[in-house]
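Written out below as structure tokens is the structure these notes cover.
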Amino acid sequence: MCRKTGCAILTKLSYGCARKVSGNIIEKGDLMRSRKAALRAEIGLFIAALLLFCVCGAALLHRQVLEENKDPTIEIEFSDSGVAVTPYDPYAVYVEPETNRVTILQKGEYLLTGSAGEGQVVVALSKKKKVNLELAGLSLHCSTGPAIWVRSADKATITLAGKTVNFLSDGMDYAGEAIAENEECDACVFSQCDLDIRGSGALSVQGAYRDAIHSKGDLRIKKASVIAEAPYAGLHAKTVQMNKATLDLSCYTYGILAKSKKPEKGWAEADATSLVIEAGLAGIKTSGDLRLPQSNMVQIQSETPMDCAGTMQVENLPAWMQNS
């Protein structure tokens with residue numbers, strides 16, 4: 001019995017020691033695994049932070065390179081004695097000294113200043129390129145064609161610099177390229193593409209040949225003050241959109257003419273715009289819809305104030321329309 005009892009006790013002691021050793025090994029294994037997991041997490045966070053730093057650094061470097069490579073604004077100053085271009089780039093601007101005609105050949109920003117009794121700005125870009133002409137106290141007359149002539153571009157923008165007044169005028173008889181069969185020039189400001197006029201400055205356009213401002217595409221005037229006189233139309237385009245602008249139009253035929261063969265075009269809209277029109281035949285003529293959300297800001301003196309072929313949406317019908 002003693003022998004059996006001793007063996008049993010020995011067996012239990014051996015089993016207990018084994019369990020204790022095994023438990024210590026398991027606890028140490030769990031600790032090692034948790035430490036490895038924590039280390040992997042720290043390495044992951046470090047790599048993520050490093051990648052983020054590299055991406056941000058690359059973005060900043062890319063932006064800096066773009067700013068350094070950005071084409072500078074070219075200033076074009078007119079005078080009766082000639083045209084000064086700064087910085088001069090023959091690939092961007094071509095000047096004809098005899099006529100003060102400036103041809104812009106590259107996309108970018110151009111600042112137009114000065115005064116000339118005879119001169120012209122012509123834009124001749126690829127049809128995929130855009131141009132911005134900033135007028136800052138420009139006074140320009142062209143007797144043989146448009147004072148500003150956008151012959152080709154994807155889109156042209158005329159920006160009126162703040163606290164400046166700009167004057168453009170043309171002659172009664174066009175000549176040379178302006179009357180070529182494929183050009184159809186008929187306005188003091190004439191554009192073959194979409195034209196935007198914006199800015200806090202003012203623009204006076206004296207059209208003597210036919211229209212004051214004519215875009216063969218869409219015309220948008222935003223936050224700009226424009227005074228226009230013309231024998232035919234003050235504003236002429238496929239669509240005419242005016243937003244927060246101040247317009248004073250005096251024309252023998254139409255104040256605003258929006259005309260297009262496409263049914264989705266030919267509309268005009270004056271939103272939050274002060275609009276004064278004096279016209280012989282019609283104040284506003286459209287081949288599409290006409291929208292005047294704030295008609296109380298509109299004054300029209302004409303034989304026919306509004307000639308709209310589409311739907312006319314006029315809110316707050318003014319007295320002059322009720323009596324017309």
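For the structure tokens, the naming scheme is as follows: chains receive sequential letters (A, B, ...) according to their order of presentation, residues are indexed from 1 within each chain, and ligands are indexed from 1 in presentation order.
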
* Backbone-only DSSP, helix (DSSP H, G or I) members of stretch 15-231 of chain A, as a PyMOL selection string -> chain A and resi 15-69+176-179

Restricting it to C-alpha atoms, dump the selection as a PDB file, in the first residue's frame.
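And here's selection13.pdb as it stands now:
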ATOM      1  CA  TYR A  15       1.552  16.068 -13.454  1.00  0.00           C
ATOM      2  CA  GLY A  16       1.245  19.290 -11.435  1.00  0.00           C
ATOM      3  CA  CYS A  17       4.761  20.368 -12.311  1.00  0.00           C
ATOM      4  CA  ALA A  18       4.123  19.654 -15.994  1.00  0.00           C
ATOM      5  CA  ARG A  19       0.934  21.719 -15.947  1.00  0.00           C
ATOM      6  CA  LYS A  20       2.756  24.576 -14.239  1.00  0.00           C
ATOM      7  CA  VAL A  21       5.594  24.518 -16.768  1.00  0.00           C
ATOM      8  CA  SER A  22       3.124  24.256 -19.665  1.00  0.00           C
ATOM      9  CA  GLY A  23       1.108  27.205 -18.301  1.00  0.00           C
ATOM     10  CA  ASN A  24       4.212  29.344 -18.051  1.00  0.00           C
ATOM     11  CA  ILE A  25       5.096  28.478 -21.655  1.00  0.00           C
ATOM     12  CA  ILE A  26       1.583  29.383 -22.854  1.00  0.00           C
ATOM     13  CA  GLU A  27       1.622  32.677 -20.965  1.00  0.00           C
ATOM     14  CA  LYS A  28       5.028  33.539 -22.389  1.00  0.00           C
ATOM     15  CA  GLY A  29       3.812  32.624 -25.906  1.00  0.00           C
ATOM     16  CA  ASP A  30       0.784  34.894 -25.597  1.00  0.00           C
ATOM     17  CA  LEU A  31       2.981  37.722 -24.408  1.00  0.00           C
ATOM     18  CA  MET A  32       5.360  37.239 -27.327  1.00  0.00           C
ATOM     19  CA  ARG A  33       2.478  37.217 -29.821  1.00  0.00           C
ATOM     20  CA  SER A  34       0.955  40.381 -28.345  1.00  0.00           C
ATOM     21  CA  ARG A  35       4.316  42.120 -28.477  1.00  0.00           C
ATOM     22  CA  LYS A  36       4.771  41.107 -32.122  1.00  0.00           C
ATOM     23  CA  ALA A  37       1.267  42.344 -32.974  1.00  0.00           C
ATOM     24  CA  ALA A  38       1.944  45.674 -31.302  1.00  0.00           C
ATOM     25  CA  LEU A  39       5.236  45.978 -33.145  1.00  0.00           C
ATOM     26  CA  ARG A  40       3.543  45.205 -36.485  1.00  0.00           C
ATOM     27  CA  ALA A  41       0.906  47.870 -35.741  1.00  0.00           C
ATOM     28  CA  GLU A  42       3.596  50.426 -34.934  1.00  0.00           C
ATOM     29  CA  ILE A  43       5.456  49.572 -38.146  1.00  0.00           C
ATOM     30  CA  GLY A  44       2.191  49.882 -40.114  1.00  0.00           C
ATOM     31  CA  LEU A  45       1.470  53.305 -38.643  1.00  0.00           C
ATOM     32  CA  PHE A  46       5.010  54.418 -39.408  1.00  0.00           C
ATOM     33  CA  ILE A  47       4.752  53.258 -43.030  1.00  0.00           C
ATOM     34  CA  ALA A  48       1.333  54.964 -43.415  1.00  0.00           C
ATOM     35  CA  ALA A  49       2.709  58.213 -41.997  1.00  0.00           C
ATOM     36  CA  LEU A  50       5.727  57.973 -44.290  1.00  0.00           C
ATOM     37  CA  LEU A  51       3.515  57.400 -47.333  1.00  0.00           C
ATOM     38  CA  LEU A  52       1.296  60.340 -46.364  1.00  0.00           C
ATOM     39  CA  PHE A  53       4.351  62.560 -45.975  1.00  0.00           C
ATOM     40  CA  CYS A  54       5.635  61.510 -49.398  1.00  0.00           C
ATOM     41  CA  VAL A  55       2.258  62.116 -51.068  1.00  0.00           C
ATOM     42  CA  CYS A  56       1.873  65.553 -49.470  1.00  0.00           C
ATOM     43  CA  GLY A  57       5.425  66.459 -50.339  1.00  0.00           C
ATOM     44  CA  ALA A  58       4.923  65.378 -53.945  1.00  0.00           C
ATOM     45  CA  ALA A  59       1.698  67.402 -54.175  1.00  0.00           C
ATOM     46  CA  LEU A  60       3.405  70.517 -52.821  1.00  0.00           C
ATOM     47  CA  LEU A  61       6.324  70.036 -55.184  1.00  0.00           C
ATOM     48  CA  HIS A  62       3.945  69.578 -58.124  1.00  0.00           C
ATOM     49  CA  ARG A  63       2.077  72.751 -57.203  1.00  0.00           C
ATOM     50  CA  GLN A  64       5.331  74.684 -56.887  1.00  0.00           C
ATOM     51  CA  VAL A  65       6.459  73.444 -60.314  1.00  0.00           C
ATOM     52  CA  LEU A  66       3.128  74.473 -61.857  1.00  0.00           C
ATOM     53  CA  GLU A  67       3.374  77.936 -60.318  1.00  0.00           C
ATOM     54  CA  GLU A  68       6.946  78.341 -61.525  1.00  0.00           C
ATOM     55  CA  ASN A  69       6.021  77.174 -65.040  1.00  0.00           C
ATOM     56  CA  GLY A 176      -9.796  94.213 -95.364  1.00  0.00           C
ATOM     57  CA  GLU A 177     -10.050  90.919 -93.506  1.00  0.00           C
ATOM     58  CA  ALA A 178     -13.007  92.121 -91.442  1.00  0.00           C
ATOM     59  CA  ILE A 179     -15.282  92.010 -94.490  1.00  0.00           C
TER      60      ILE A 179
END

How close does each residue of stretch 62-125 of chain A get to stretch 159-169 of chain A, giving the shortest atom pair and distance in Å to one decimal for every residue with an atom at most 10 Å away, counting only C-alpha atoms, sorted by chain and residue number, as CSV?
residue,atom,partner,partner_atom,distance
A:Tyr110,CA,A:Thr159,CA,9.9
A:Leu111,CA,A:Thr159,CA,9.3
A:Leu112,CA,A:Asn166,CA,9.9
A:Thr113,CA,A:Asn166,CA,9.0
A:Gly114,CA,A:Asn166,CA,9.7
A:Ser115,CA,A:Phe167,CA,9.0
A:Gly117,CA,A:Ser169,CA,9.6
A:Glu118,CA,A:Ser169,CA,9.8
A:Gln120,CA,A:Leu168,CA,9.8

Those residues you just picked out, can you put them in a file as a short mmCIF file (atom, residue, chain, number, x, y, z; two decimals), in the first residue's frame with N, CA and C atoms?
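Dumped to again17.cif:
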data_model
loop_
_atom_site.label_atom_id
_atom_site.label_comp_id
_atom_site.auth_asym_id
_atom_site.auth_seq_id
_atom_site.Cartn_x
_atom_site.Cartn_y
_atom_site.Cartn_z
N TYR A 110 -3.87 88.27 -70.51
CA TYR A 110 -3.36 89.47 -71.16
C TYR A 110 -4.01 90.70 -70.53
N LEU A 111 -3.18 91.65 -70.12
CA LEU A 111 -3.64 92.89 -69.51
C LEU A 111 -3.57 94.00 -70.54
N LEU A 112 -4.73 94.60 -70.87
CA LEU A 112 -4.80 95.61 -71.91
C LEU A 112 -5.02 96.98 -71.28
N THR A 113 -4.13 97.90 -71.56
CA THR A 113 -4.21 99.25 -71.00
C THR A 113 -3.89 100.27 -72.09
N GLY A 114 -4.01 101.55 -71.72
CA GLY A 114 -3.61 102.62 -72.63
C GLY A 114 -4.74 103.12 -73.50
N SER A 115 -4.37 104.01 -74.43
CA SER A 115 -5.35 104.66 -75.28
C SER A 115 -4.76 104.86 -76.68
N GLY A 117 -6.13 106.14 -80.80
CA GLY A 117 -7.18 106.54 -81.73
C GLY A 117 -7.36 105.56 -82.86
N GLU A 118 -6.39 104.68 -83.05
CA GLU A 118 -6.50 103.62 -84.05
C GLU A 118 -5.71 102.40 -83.55
N GLN A 120 -6.27 97.72 -82.72
CA GLN A 120 -7.15 96.55 -82.74
C GLN A 120 -6.51 95.39 -81.99
#

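Closest approach to A:Thr304 among A:Asp194, A:Asp289, A:Glu278, A:Glu134 is made by A:Glu278 (distances from only C-alpha atoms).
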
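Distances here use only C-alpha atoms; by that measure, the residue among A:Glu98, A:Asp186, A:Asp173, A:Glu75 closest to A:Trp149 is A:Asp186.
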
* Excluding A:Ile197 and any residue of its chain fewer than 2 positions from it, enumerate the residues within 10 Å of it, using only C-alpha atoms, and give them as a ChimeraX atom specification. => /A:132-134,156-160,195,199,203,219-226,242,245

Keeping only C-alpha atoms, take the residues you just selected and write them out as a tab-separated table (two decimals), in the first residue's frame.
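Output file result37.tsv is given in full below:
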chain	number	residue	atom	x	y	z
A	132	ASN	CA	-8.56	86.04	-70.79
A	133	LEU	CA	-8.34	89.69	-71.77
A	134	GLU	CA	-8.28	91.97	-68.74
A	156	ALA	CA	-12.79	84.07	-74.61
A	157	THR	CA	-13.21	86.03	-71.40
A	158	ILE	CA	-13.13	89.80	-71.07
A	159	THR	CA	-12.47	90.84	-67.47
A	160	LEU	CA	-13.14	94.43	-66.47
A	195	LEU	CA	-17.74	85.02	-74.82
A	199	GLY	CA	-15.54	91.94	-63.42
A	203	LEU	CA	-17.23	98.99	-70.30
A	219	LEU	CA	-22.76	85.39	-74.38
A	220	ARG	CA	-22.57	85.65	-70.58
A	221	ILE	CA	-22.30	88.90	-68.65
A	222	LYS	CA	-21.73	88.60	-64.91
A	223	LYS	CA	-21.21	91.32	-62.29
A	224	ALA	CA	-20.17	93.81	-64.95
A	225	SER	CA	-21.37	97.28	-65.96
A	226	VAL	CA	-21.86	97.65	-69.71
A	242	MET	CA	-26.98	88.21	-67.61
A	245	ALA	CA	-24.95	92.90	-64.06

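Taking stretch 206-238 of chain A and asking which residues DSSP calls strand (DSSP E or B) on the backbone, you get A:Gln206, A:Asp211, A:Ala212, A:Ile213, A:His214, A:Ser215, A:Asp218, A:Leu219, A:Arg220, A:Ile221, A:Lys222, A:Ser225, A:Val226, A:Ile227, A:Ala228, A:Glu229, A:Ala230, A:Ala233, A:Gly234, A:Leu235, A:His236, A:Ala237.
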
Mind dumping the selected residues with C-alpha atoms as a tab-separated table (two decimals), in the first residue's frame?
chain	number	residue	atom	x	y	z
A	206	GLN	CA	-19.94	102.34	-79.28
A	211	ASP	CA	-23.82	95.44	-83.39
A	212	ALA	CA	-22.11	96.57	-80.22
A	213	ILE	CA	-21.29	93.07	-78.87
A	214	HIS	CA	-21.84	89.93	-80.94
A	215	SER	CA	-20.86	86.37	-80.04
A	218	ASP	CA	-23.09	82.04	-76.14
A	219	LEU	CA	-22.76	85.39	-74.38
A	220	ARG	CA	-22.57	85.65	-70.58
A	221	ILE	CA	-22.30	88.90	-68.65
A	222	LYS	CA	-21.73	88.60	-64.91
A	225	SER	CA	-21.37	97.28	-65.96
A	226	VAL	CA	-21.86	97.65	-69.71
A	227	ILE	CA	-23.13	100.61	-71.73
A	228	ALA	CA	-23.70	99.84	-75.41
A	229	GLU	CA	-24.95	101.76	-78.44
A	230	ALA	CA	-25.46	100.31	-81.90
A	233	ALA	CA	-28.30	95.12	-81.68
A	234	GLY	CA	-26.65	95.93	-78.39
A	235	LEU	CA	-26.12	92.30	-77.38
A	236	HIS	CA	-26.34	89.56	-80.00
A	237	ALA	CA	-25.65	85.84	-79.49

* Long-range neighbours of A:Lys262 as a PyMOL selection string, 10 Å cut-off, only C-alpha atoms, 3 positions minimum in chain -> chain A and resi 238+259+265-266+287-288

For the selection just defined, write its residues with N, CA and C atoms to a file, as a compact mmCIF listing (two decimals), in the first residue's frame.
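Everything below was put into part_39.txt:
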# COMPACT_ATOMS: atom_id res chain seq x y z
N LYS A 238 -26.20 83.48 -79.60
CA LYS A 238 -27.12 82.34 -79.64
C LYS A 238 -27.93 82.26 -78.35
N LYS A 259 -30.68 84.52 -80.86
CA LYS A 259 -31.23 83.85 -82.04
C LYS A 259 -30.38 82.63 -82.39
N LYS A 265 -31.32 76.50 -77.98
CA LYS A 265 -30.66 77.79 -77.89
C LYS A 265 -31.69 78.91 -78.13
N GLY A 266 -31.19 80.09 -78.36
CA GLY A 266 -32.05 81.22 -78.67
C GLY A 266 -32.78 81.81 -77.47
N SER A 287 -35.51 83.78 -80.15
CA SER A 287 -36.10 82.67 -80.91
C SER A 287 -36.47 81.53 -79.97
N GLY A 288 -36.09 81.67 -78.70
CA GLY A 288 -36.44 80.67 -77.68
C GLY A 288 -37.13 81.32 -76.51

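Take atom CA of A:Leu257 and atom CA of A:Thr286: the distance between them is 6.0 Å.
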
* Asked: If you count only C-alpha atoms, which residues fall within 8 Å of A:Asp307, apart from same-chain ones fewer than 2 positions away, as a PyMOL selection string?
  -> chain A and resi 282-286+304-305+309

Please produce a file of those selected residues containing C-alpha atoms, as a PDB file, in the first residue's frame.
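Output file part-v7.pdb follows:
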ATOM      1  CA  ALA A 282     -37.899  95.401 -79.954  1.00  0.00           C
ATOM      2  CA  GLY A 283     -36.255  95.652 -76.555  1.00  0.00           C
ATOM      3  CA  ILE A 284     -35.586  91.917 -76.254  1.00  0.00           C
ATOM      4  CA  LYS A 285     -36.085  89.481 -79.131  1.00  0.00           C
ATOM      5  CA  THR A 286     -35.585  85.720 -78.716  1.00  0.00           C
ATOM      6  CA  THR A 304     -42.329  96.036 -78.839  1.00  0.00           C
ATOM      7  CA  PRO A 305     -40.754  95.633 -75.395  1.00  0.00           C
ATOM      8  CA  ALA A 309     -40.943  83.052 -79.774  1.00  0.00           C
TER       9      ALA A 309
END

* Using only C-alpha atoms: which of A:Gly217, A:Gly310, A:Gln192, A:Tyr88 has the shortest distance to A:Pro263 -> A:Gly310

* Asked: In Å, with one decimal, what is the gap from atom CA of A:Ala116 to atom CA of A:Tyr252?
  -> 27.4 Å

I'd like the contact shell of stretch 100-107 of chain A - 9 Å cut-off, only C-alpha atoms, skipping same-chain residues fewer than 2 positions apart - returned as a compact mmCIF listing (two decimals) with N, CA and C atoms, in the first residue's frame.
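Now in out_18.txt:
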# COMPACT_ATOMS: atom_id res chain seq x y z
N ILE A 76 -0.19 94.58 -72.45
CA ILE A 76 -0.19 95.23 -73.76
C ILE A 76 -0.71 96.65 -73.56
N PHE A 78 -1.44 100.31 -75.19
CA PHE A 78 -1.65 101.04 -76.44
C PHE A 78 -1.35 102.53 -76.26
N SER A 79 -0.87 103.13 -77.33
CA SER A 79 -0.72 104.58 -77.40
C SER A 79 -0.74 104.96 -78.87
N ASP A 80 -0.91 106.23 -79.15
CA ASP A 80 -0.93 106.66 -80.55
C ASP A 80 0.44 106.52 -81.22
N SER A 81 1.47 106.40 -80.41
CA SER A 81 2.82 106.27 -80.97
C SER A 81 3.25 104.82 -81.12
N GLY A 82 2.45 103.88 -80.65
CA GLY A 82 2.82 102.48 -80.79
C GLY A 82 2.24 101.61 -79.68
N VAL A 83 2.67 100.35 -79.66
CA VAL A 83 2.18 99.36 -78.69
C VAL A 83 3.38 98.78 -77.95
N PRO A 90 7.45 87.00 -79.00
CA PRO A 90 6.97 87.00 -80.39
C PRO A 90 6.09 85.80 -80.73
N TYR A 91 6.21 84.72 -79.93
CA TYR A 91 5.37 83.56 -80.16
C TYR A 91 3.97 83.74 -79.57
N ALA A 92 3.83 84.71 -78.67
CA ALA A 92 2.53 84.94 -78.01
C ALA A 92 1.80 86.15 -78.58
N VAL A 93 2.54 87.18 -78.95
CA VAL A 93 1.93 88.43 -79.41
C VAL A 93 2.67 88.94 -80.65
N TYR A 94 1.89 89.29 -81.67
CA TYR A 94 2.47 89.89 -82.87
C TYR A 94 1.88 91.28 -83.05
N VAL A 95 2.72 92.27 -83.25
CA VAL A 95 2.28 93.66 -83.36
C VAL A 95 2.60 94.19 -84.75
N GLU A 96 1.61 94.80 -85.39
CA GLU A 96 1.81 95.50 -86.65
C GLU A 96 1.96 96.99 -86.35
N PRO A 97 3.18 97.52 -86.39
CA PRO A 97 3.42 98.91 -85.98
C PRO A 97 2.64 99.94 -86.80
N GLU A 98 2.41 99.65 -88.07
CA GLU A 98 1.74 100.63 -88.93
C GLU A 98 0.29 100.86 -88.52
N GLU A 109 -3.15 84.90 -70.01
CA GLU A 109 -3.70 86.12 -69.43
C GLU A 109 -3.04 87.33 -70.07
N TYR A 110 -3.87 88.27 -70.51
CA TYR A 110 -3.36 89.47 -71.16
C TYR A 110 -4.01 90.70 -70.53
N ALA A 116 -5.59 104.59 -77.71
CA ALA A 116 -5.13 104.77 -79.08
C ALA A 116 -6.32 105.14 -79.96
N GLU A 118 -6.39 104.68 -83.05
CA GLU A 118 -6.50 103.62 -84.05
C GLU A 118 -5.71 102.40 -83.55
N GLY A 119 -6.42 101.28 -83.42
CA GLY A 119 -5.78 100.06 -82.95
C GLY A 119 -6.78 98.92 -82.92
N GLN A 120 -6.27 97.72 -82.72
CA GLN A 120 -7.15 96.55 -82.74
C GLN A 120 -6.51 95.39 -81.99
N VAL A 121 -7.36 94.60 -81.32
CA VAL A 121 -6.92 93.38 -80.66
C VAL A 121 -7.56 92.20 -81.36
N VAL A 122 -6.73 91.29 -81.88
CA VAL A 122 -7.22 90.10 -82.57
C VAL A 122 -6.72 88.87 -81.81
N VAL A 123 -7.62 87.95 -81.54
CA VAL A 123 -7.26 86.69 -80.88
C VAL A 123 -7.33 85.58 -81.93
N ALA A 124 -6.22 84.89 -82.14
CA ALA A 124 -6.15 83.82 -83.13
C ALA A 124 -5.47 82.61 -82.48
N LEU A 125 -6.26 81.81 -81.77
CA LEU A 125 -5.74 80.64 -81.06
C LEU A 125 -6.27 79.36 -81.69
N SER A 126 -5.73 78.25 -81.23
CA SER A 126 -6.33 76.96 -81.55
C SER A 126 -7.73 76.92 -80.94
N LYS A 129 -8.02 76.22 -77.20
CA LYS A 129 -7.35 77.09 -76.23
C LYS A 129 -8.28 78.20 -75.75
N LYS A 130 -8.02 78.68 -74.51
CA LYS A 130 -8.81 79.75 -73.91
C LYS A 130 -7.94 80.97 -73.64
N VAL A 131 -8.59 82.13 -73.61
CA VAL A 131 -7.84 83.36 -73.39
C VAL A 131 -8.65 84.27 -72.48
N ASN A 132 -7.93 85.04 -71.66
CA ASN A 132 -8.56 86.04 -70.79
C ASN A 132 -7.94 87.40 -71.09
N ALA A 153 -10.83 80.52 -80.97
CA ALA A 153 -10.47 80.10 -79.61
C ALA A 153 -11.56 79.15 -79.14

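Taking atom CA of A:Ile74 and atom CA of A:Cys185 as the two end points, the separation is 26.2 Å.
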
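By only C-alpha atoms, and with residues fewer than 6 positions from A:Leu281 along its chain excluded, the set lying at most 7 Å from it is A:Thr253, A:Tyr254, A:Ser302, A:Glu303, A:Thr304.
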
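Counting only C-alpha atoms, the residue from A:Ala136, A:Ile300, A:Ala180, A:Val150 that sits nearest to A:Ser250 is A:Ile300.
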